[in-house]
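Enquirer: The structure that follows is given in the form of structure tokens.
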Amino acid sequence: MTPVIKIEISPPKIKQARGKVGLSHAARTVGISRQHLWAIENGDVRPNSDVLARLCILYGVEINDLTRQSTNGKKKAA
């Protein structure tokens, strides 16, 4: 059985990482609809690992840059 790693994604950080890249361009580049990317950035949908990896490549960031930080077992606000 393959281990499952749970990552707490931060939608505001995903939106911030997009920067000046247009929503439609970013979505088209990673192979999802504009509406799907909008839903990811607004926290309505969690991206699967493939989409998350493609977003990281497009935005030039690491997965850690798009996650919520934890301190002493408590979630730190994004």
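In the structure tokens, each chain is lettered A, B, ... as it comes, each chain's residues begin at 1, and ligands are numbered from 1 in order of appearance.
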As a ChimeraX atom specification, list the residues of range 2-66 of chain A assigned to helix (DSSP H, G or I) by DSSP on the backbone atoms of this structure.
Expert: /A:11-18,23-30,34-41,49-59,63-66
Enquirer: Selection from above, C-alpha atoms, as a PDB file, in the first residue's frame, can you write it?
Expert:
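out.pdb, written as the output of this step:
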```
ATOM      1  CA  PRO A  11      -5.547  28.894  -1.224  1.00  0.00           C
ATOM      2  CA  PRO A  12      -4.380  32.503  -0.610  1.00  0.00           C
ATOM      3  CA  LYS A  13      -0.777  31.403  -1.150  1.00  0.00           C
ATOM      4  CA  ILE A  14      -1.725  29.713  -4.425  1.00  0.00           C
ATOM      5  CA  LYS A  15      -3.400  32.907  -5.604  1.00  0.00           C
ATOM      6  CA  GLN A  16      -0.435  35.000  -4.449  1.00  0.00           C
ATOM      7  CA  ALA A  17       2.028  32.692  -6.223  1.00  0.00           C
ATOM      8  CA  ARG A  18       0.148  33.217  -9.505  1.00  0.00           C
ATOM      9  CA  LEU A  23      -6.097  33.129 -14.445  1.00  0.00           C
ATOM     10  CA  SER A  24      -7.055  31.802 -17.891  1.00  0.00           C
ATOM     11  CA  HIS A  25      -3.432  31.429 -18.993  1.00  0.00           C
ATOM     12  CA  ALA A  26      -2.431  29.629 -15.788  1.00  0.00           C
ATOM     13  CA  ALA A  27      -5.405  27.270 -15.971  1.00  0.00           C
ATOM     14  CA  ARG A  28      -4.822  26.476 -19.646  1.00  0.00           C
ATOM     15  CA  THR A  29      -1.107  25.861 -19.023  1.00  0.00           C
ATOM     16  CA  VAL A  30      -1.716  23.349 -16.217  1.00  0.00           C
ATOM     17  CA  ARG A  34     -10.382  28.716 -15.419  1.00  0.00           C
ATOM     18  CA  GLN A  35     -13.314  27.959 -13.122  1.00  0.00           C
ATOM     19  CA  HIS A  36     -11.444  25.053 -11.533  1.00  0.00           C
ATOM     20  CA  LEU A  37      -8.381  27.203 -10.820  1.00  0.00           C
ATOM     21  CA  TRP A  38     -10.620  29.942  -9.418  1.00  0.00           C
ATOM     22  CA  ALA A  39     -12.235  27.348  -7.115  1.00  0.00           C
ATOM     23  CA  ILE A  40      -8.782  26.161  -5.976  1.00  0.00           C
ATOM     24  CA  GLU A  41      -7.676  29.726  -5.217  1.00  0.00           C
ATOM     25  CA  SER A  49      -1.088  16.209  -6.663  1.00  0.00           C
ATOM     26  CA  ASP A  50      -0.625  16.453 -10.453  1.00  0.00           C
ATOM     27  CA  VAL A  51      -2.297  19.858 -10.670  1.00  0.00           C
ATOM     28  CA  LEU A  52      -0.409  21.077  -7.611  1.00  0.00           C
ATOM     29  CA  ALA A  53       2.908  19.977  -9.130  1.00  0.00           C
ATOM     30  CA  ARG A  54       2.127  21.711 -12.440  1.00  0.00           C
ATOM     31  CA  LEU A  55       1.153  24.912 -10.598  1.00  0.00           C
ATOM     32  CA  CYS A  56       4.455  24.827  -8.709  1.00  0.00           C
ATOM     33  CA  ILE A  57       6.386  24.443 -11.967  1.00  0.00           C
ATOM     34  CA  LEU A  58       4.456  27.247 -13.681  1.00  0.00           C
ATOM     35  CA  TYR A  59       4.794  29.637 -10.733  1.00  0.00           C
ATOM     36  CA  ILE A  63       5.048  22.856  -2.621  1.00  0.00           C
ATOM     37  CA  ASN A  64       6.113  24.166   0.806  1.00  0.00           C
ATOM     38  CA  ASP A  65       5.512  27.697  -0.504  1.00  0.00           C
ATOM     39  CA  LEU A  66       1.832  26.835  -1.017  1.00  0.00           C
TER      40      LEU A  66
END
```
Enquirer: Just list the residues in chain A DSSP gives strand (DSSP E) on the backbone, as a list in words.
Expert: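 Checking each residue of chain A, the strand (DSSP E) ones are Ser70, Thr71, Lys74 and Lys75 of chain A.
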